[in-house]
$ cat my_file25.txt   # compact mmCIF, C-alpha atoms and all ligand atoms
# COMPACT_ATOMS: atom_id res chain seq x y z
CA MET X 1 125.79 147.92 45.06
CA LYS X 2 122.40 149.30 43.93
CA ASP X 3 121.42 148.54 40.32
CA GLN X 4 121.64 151.53 38.02
CA VAL X 5 118.13 152.00 36.60
CA ASN X 6 117.19 154.41 33.78
CA ILE X 7 113.92 154.88 31.97
CA LYS X 8 113.90 156.15 28.39
CA ILE X 9 110.92 157.26 26.33
CA GLY X 10 111.11 157.70 22.59
CA SER X 11 110.14 156.76 19.09
CA TYR X 12 110.57 153.57 17.07
CA ASP X 13 113.95 154.81 15.84
CA ASP X 14 115.04 155.67 19.37
CA TYR X 15 114.08 152.59 21.38
CA TYR X 16 112.30 149.89 19.39
CA LYS X 17 115.45 147.73 19.15
CA ASP X 18 115.81 147.76 22.94
CA ALA X 19 112.10 147.19 23.54
CA ASN X 20 112.16 144.32 21.10
CA LYS X 21 114.91 142.50 23.01
CA VAL X 22 112.57 142.30 25.99
CA ARG X 23 109.46 141.55 23.93
CA ASP X 24 111.14 138.77 21.98
CA ALA X 25 112.26 137.06 25.17
CA VAL X 26 108.90 137.47 26.92
CA PHE X 27 106.26 137.16 24.23
CA CYS X 28 107.95 135.13 21.48
CA VAL X 29 110.18 132.79 23.51
CA GLU X 30 108.39 132.53 26.87
CA GLN X 31 104.77 132.85 25.72
CA LYS X 32 105.42 131.31 22.28
CA ILE X 33 103.50 134.00 20.41
CA PRO X 34 104.58 133.93 16.74
CA ALA X 35 106.86 136.85 15.87
CA ASP X 36 104.62 137.94 12.99
CA THR X 37 101.72 138.28 15.46
CA GLU X 38 103.75 139.97 18.19
CA LYS X 39 105.14 142.53 15.74
CA ASP X 40 102.78 144.80 13.87
CA GLU X 41 102.63 148.11 12.08
CA LYS X 42 101.70 149.91 15.33
CA ASP X 43 105.31 149.71 16.51
CA GLU X 44 106.44 152.33 14.00
CA THR X 45 104.02 154.95 15.28
CA SER X 46 104.23 154.01 18.95
CA THR X 47 106.08 155.73 21.72
CA HIS X 48 108.27 153.10 23.40
CA ILE X 49 109.13 153.19 27.08
CA VAL X 50 112.13 151.09 28.10
CA LEU X 51 113.64 150.57 31.54
CA PHE X 52 117.35 149.77 31.52
CA VAL X 53 119.31 148.15 34.31
CA ARG X 54 123.01 148.77 33.91
CA ASN X 55 122.29 149.78 30.29
CA GLU X 56 120.49 146.52 29.48
CA PRO X 57 116.79 146.68 28.52
CA VAL X 58 114.72 144.86 31.13
CA SER X 59 111.16 146.18 31.06
CA THR X 60 109.07 147.88 28.40
CA LEU X 61 105.72 148.92 26.97
CA ARG X 62 104.44 150.79 23.95
CA VAL X 63 101.66 153.35 23.60
CA PHE X 64 99.96 154.67 20.46
CA GLU X 65 96.98 156.78 19.50
CA GLU X 66 94.09 155.11 17.68
CA ASN X 67 90.80 156.78 16.83
CA GLY X 68 91.40 159.38 19.53
CA GLU X 69 92.17 156.77 22.21
CA TYR X 70 95.59 156.23 23.73
CA VAL X 71 96.24 152.52 23.80
CA PHE X 72 99.21 150.87 25.46
CA GLY X 73 100.40 147.29 25.44
CA ARG X 74 103.28 144.85 25.03
CA VAL X 75 103.96 145.38 28.73
CA ALA X 76 106.79 143.08 29.69
CA THR X 77 109.63 142.54 32.15
CA LEU X 78 112.31 139.90 31.58
CA SER X 79 111.42 136.89 33.74
CA CYS X 80 114.67 137.05 35.74
CA HIS X 81 113.89 140.66 36.75
CA ARG X 82 110.22 140.31 37.74
CA GLY X 83 108.96 141.27 41.16
CA LYS X 84 111.52 144.07 41.54
CA GLY X 85 109.16 146.94 40.81
CA TYR X 86 110.40 147.55 37.25
CA GLY X 87 107.00 146.98 35.61
CA LYS X 88 105.54 149.46 38.06
CA LYS X 89 108.20 152.05 37.21
CA VAL X 90 107.39 151.69 33.50
CA MET X 91 103.65 152.07 34.19
CA LEU X 92 104.27 155.19 36.30
CA ALA X 93 106.48 156.58 33.52
CA LEU X 94 103.57 156.00 31.13
CA HIS X 95 101.19 157.85 33.45
CA ASN X 96 103.62 160.79 33.77
CA TRP X 97 104.07 160.88 29.99
CA ALA X 98 100.28 160.89 29.52
CA ARG X 99 99.76 163.59 32.16
CA GLU X 100 102.35 165.85 30.52
CA LYS X 101 100.57 165.44 27.19
CA GLY X 102 97.17 166.23 28.71
CA ILE X 103 95.88 162.74 27.91
CA LYS X 104 92.80 162.02 29.96
CA LYS X 105 92.37 158.30 29.46
CA LEU X 106 94.58 155.26 28.83
CA THR X 107 93.35 151.93 27.55
CA CYS X 108 94.98 148.52 27.23
CA HIS X 109 94.20 145.00 26.14
CA ALA X 110 95.35 143.11 29.21
CA GLN X 111 96.04 139.41 29.32
CA GLU X 112 93.35 138.16 31.69
CA ALA X 113 95.95 136.32 33.77
CA VAL X 114 97.65 139.60 34.75
CA LYS X 115 94.59 141.83 35.10
CA ASP X 116 95.35 142.37 38.80
CA PHE X 117 98.64 144.01 37.83
CA TYR X 118 96.58 146.75 36.12
CA VAL X 119 93.90 146.82 38.84
CA LYS X 120 96.67 147.90 41.25
CA PHE X 121 97.07 151.08 39.19
CA GLY X 122 93.33 151.77 39.16
CA TYR X 123 92.43 150.23 35.78
CA GLU X 124 88.91 148.96 35.33
CA ILE X 125 87.57 146.23 33.06
CA GLU X 126 85.41 147.27 30.10
CA GLY X 127 83.23 144.53 28.64
CA GLU X 128 83.76 140.82 28.17
CA PRO X 129 87.01 138.83 27.67
CA PHE X 130 88.10 138.23 24.06
CA LEU X 131 90.87 136.28 22.31
CA GLU X 132 94.01 137.93 20.94
CA ALA X 133 96.94 135.77 19.72
CA GLY X 134 95.01 132.85 21.21
CA ILE X 135 95.19 134.37 24.71
CA ARG X 136 92.21 135.65 26.72
CA HIS X 137 92.33 139.43 27.05
CA LEU X 138 90.28 142.15 28.69
CA LYS X 139 89.90 145.75 27.67
CA MET X 140 90.91 147.84 30.68
CA SER X 141 91.04 151.59 31.08
CA PHE X 142 92.11 154.25 33.49
CA SER X 143 91.11 157.88 33.61
CA ASP X 144 90.66 159.06 37.17
CA ARG X 145 94.02 160.20 38.41
CA LEU X 146 96.05 160.96 35.30
C1 LIG Q 1 103.10 141.62 34.24
C2 LIG Q 1 104.58 142.01 34.32
C3 LIG Q 1 104.88 143.05 33.25
C4 LIG Q 1 104.86 142.60 35.71
O1 LIG Q 1 106.18 143.10 35.72
P1 LIG Q 1 107.08 143.18 37.06
O2 LIG Q 1 108.29 143.99 36.71
O3 LIG Q 1 107.29 141.84 37.64
O4 LIG Q 1 106.09 144.00 38.00
P2 LIG Q 1 106.46 144.76 39.38
O5 LIG Q 1 107.52 144.00 40.10
O6 LIG Q 1 106.73 146.19 39.07
O7 LIG Q 1 105.08 144.67 40.16
C5 LIG Q 1 104.28 145.81 40.44
C6 LIG Q 1 103.11 145.37 41.26
O8 LIG Q 1 102.28 144.48 40.49
C7 LIG Q 1 102.15 143.21 41.13
N1 LIG Q 1 102.22 142.20 40.08
C8 LIG Q 1 103.28 141.86 39.33
N2 LIG Q 1 102.94 140.90 38.46
C9 LIG Q 1 101.63 140.63 38.67
C10 LIG Q 1 100.72 139.71 38.10
N3 LIG Q 1 101.10 138.89 37.12
N4 LIG Q 1 99.46 139.71 38.56
C11 LIG Q 1 99.08 140.54 39.55
N5 LIG Q 1 99.91 141.43 40.16
C12 LIG Q 1 101.17 141.46 39.72
C13 LIG Q 1 103.34 143.13 42.07
O9 LIG Q 1 103.09 142.28 43.14
C14 LIG Q 1 103.53 144.56 42.50
O10 LIG Q 1 102.60 144.88 43.51
P3 LIG Q 1 102.98 145.90 44.72
O11 LIG Q 1 103.27 147.22 44.05
O12 LIG Q 1 101.77 145.91 45.55
O13 LIG Q 1 104.20 145.32 45.36
C15 LIG Q 1 105.49 140.76 34.16
O14 LIG Q 1 105.06 139.76 35.04
C16 LIG Q 1 105.53 140.17 32.75
O15 LIG Q 1 106.31 140.59 31.90
N6 LIG Q 1 104.70 139.14 32.50
C17 LIG Q 1 104.72 138.42 31.22
C18 LIG Q 1 104.20 139.28 30.10
C19 LIG Q 1 102.77 139.70 30.30
O16 LIG Q 1 101.93 138.89 30.63
N7 LIG Q 1 102.53 141.00 30.10
C20 LIG Q 1 101.24 141.57 30.23
C21 LIG Q 1 100.61 141.63 28.91
S1 LIG Q 1 98.99 142.35 29.06

$ encode --input "my_file25.txt" --output "structure tokens"
Amino acid sequence: MKDQVNIKIGSYDDYYKDANKVRDAVFCVEQKIPADTEKDEKDETSTHIVLFVRNEPVSTLRVFEENGEYVFGRVATLSCHRGKGYGKKVMLALHNWAREKGIKKLTCHAQEAVKDFYVKFGYEIEGEPFLEAGIRHLKMSFSDRL
């Protein structure tokens, strides 16, 4: 039987708890990023996108506005569900959300190791790599086809 997949988009109160289940497993447990680094004040003002499979959160990201830029991050899929196209669905949901809001450009701080994931969607690198939570990151942005 085909998995039942739903994507939800909402505020901290709506979906942070679900997003956090995925983020805890991926960033805190798998990548060993301390919880007080992974969690920050941006979560409360972010829009959270969560993909559910049979009502369980599996893939997520957050997006917030900062100094006129729309910045997304905390992109994660549970390890046992990777390679099934769920991360892509969440990214496309982000792009649709941005298009509906008339947002012209999206930016992220991408872990260097997964930059090609973002390149597939048309993101381009801006500047030099830098460290965040001890991990090499790149600023990447996308504006062409929103
Ligand atoms: C990166 C991540 C979110 C991808 O999620 P996913 O659900 O496995 O991605 P999908 O299955 O939707 O893959 C979509 C496309 O990206 C490609 N892709 C997936 N992971 C990739 C990676 N790490 N590097 C390069 N390409 C990748 C897939 O091959 C697929 O390509 P296709 O459309 O040509 O078939 C997931 O691997 C993850 O959670 N990683 C750990 C957390 C992390 O590093 N997050 C990024 C923080 S910046």

$ closest_residue --input "my_file25.txt" --among "X:Thr37, X:Gln111, X:Gln4, X:Ser143" --to "ligand LIG 1 (chain Q)" --atoms "all atoms listed in the file"
X:Gln111

$ closest_residue --input "my_file25.txt" --among "X:Tyr86, X:Phe52, X:Tyr15, X:Tyr70" --to "ligand LIG 1 (chain Q)" --atoms "all atoms listed in the file"
X:Tyr86

$ axis_aligned_box --input "my_file25.txt" --around "ligand LIG 1 (chain Q)" --padding-each-side "8 Å" --output "AutoDock Vina command-line options"
--center_x 103.6 --center_y 142.8 --center_z 37.2 --size_x 25.3 --size_y 24.8 --size_z 32.6

$ closest_atom_pairs --input "my_file25.txt" --of "chain X" --to "ligand LIG 1 (chain Q)" --cutoff "7 Å" --atoms "all atoms listed in the file" --output "tab-separated table"
residue	atom	partner	partner_atom	distance
X:Val26	CA	Q:LIG1	C18	6.0
X:Phe27	CA	Q:LIG1	C18	6.6
X:Ser59	CA	Q:LIG1	O2	6.7
X:Gly73	CA	Q:LIG1	S1	6.3
X:Arg74	CA	Q:LIG1	C21	5.7
X:Val75	CA	Q:LIG1	N7	4.8
X:Ala76	CA	Q:LIG1	O15	3.4
X:Thr77	CA	Q:LIG1	O15	3.9
X:Leu78	CA	Q:LIG1	O15	6.0
X:Ser79	CA	Q:LIG1	O15	6.6
X:His81	CA	Q:LIG1	O2	6.5
X:Arg82	CA	Q:LIG1	O3	3.3
X:Gly83	CA	Q:LIG1	O5	3.3
X:Lys84	CA	Q:LIG1	O5	4.3
X:Gly85	CA	Q:LIG1	O6	3.1
X:Tyr86	CA	Q:LIG1	O2	4.2
X:Gly87	CA	Q:LIG1	O2	3.4
X:Lys88	CA	Q:LIG1	O6	3.6
X:Lys89	CA	Q:LIG1	O6	6.3
X:His109	CA	Q:LIG1	S1	6.2
X:Ala110	CA	Q:LIG1	S1	3.7
X:Gln111	CA	Q:LIG1	S1	4.2
X:Ala113	CA	Q:LIG1	N3	6.7
X:Val114	CA	Q:LIG1	N4	4.2
X:Lys115	CA	Q:LIG1	N4	6.3
X:Asp116	CA	Q:LIG1	C11	4.2
X:Phe117	CA	Q:LIG1	N5	3.7
X:Lys120	CA	Q:LIG1	O8	6.6

$ closest_residue --input "my_file25.txt" --among "X:Leu61, X:Leu94, X:Ile103, X:Val71" --to "Tyr16 (chain X)" --atoms "all atoms listed in the file"
X:Leu61

$ closest_residue --input "my_file25.txt" --among "X:Glu100, X:Ile135, X:His95, X:His48" --to "Gln31 (chain X)" --atoms "all atoms listed in the file"
X:Ile135

$ atom_distance --input "my_file25.txt" --atom1 "CA of Cys108 (chain X)" --atom2 "CA of Leu92 (chain X)"
14.6 Å

$ closest_residue --input "my_file25.txt" --among "X:Ser11, X:Phe121, X:Lys17, X:Ser141" --to "Glu56 (chain X)" --atoms "only C-alpha atoms"
X:Lys17

$ atom_distance --input "my_file25.txt" --atom1 "CA of Leu106 (chain X)" --atom2 "CA of Lys32 (chain X)"
27.1 Å

$ atom_distance --input "my_file25.txt" --atom1 "CA of Asp13 (chain X)" --atom2 "CA of Leu51 (chain X)"
16.3 Å
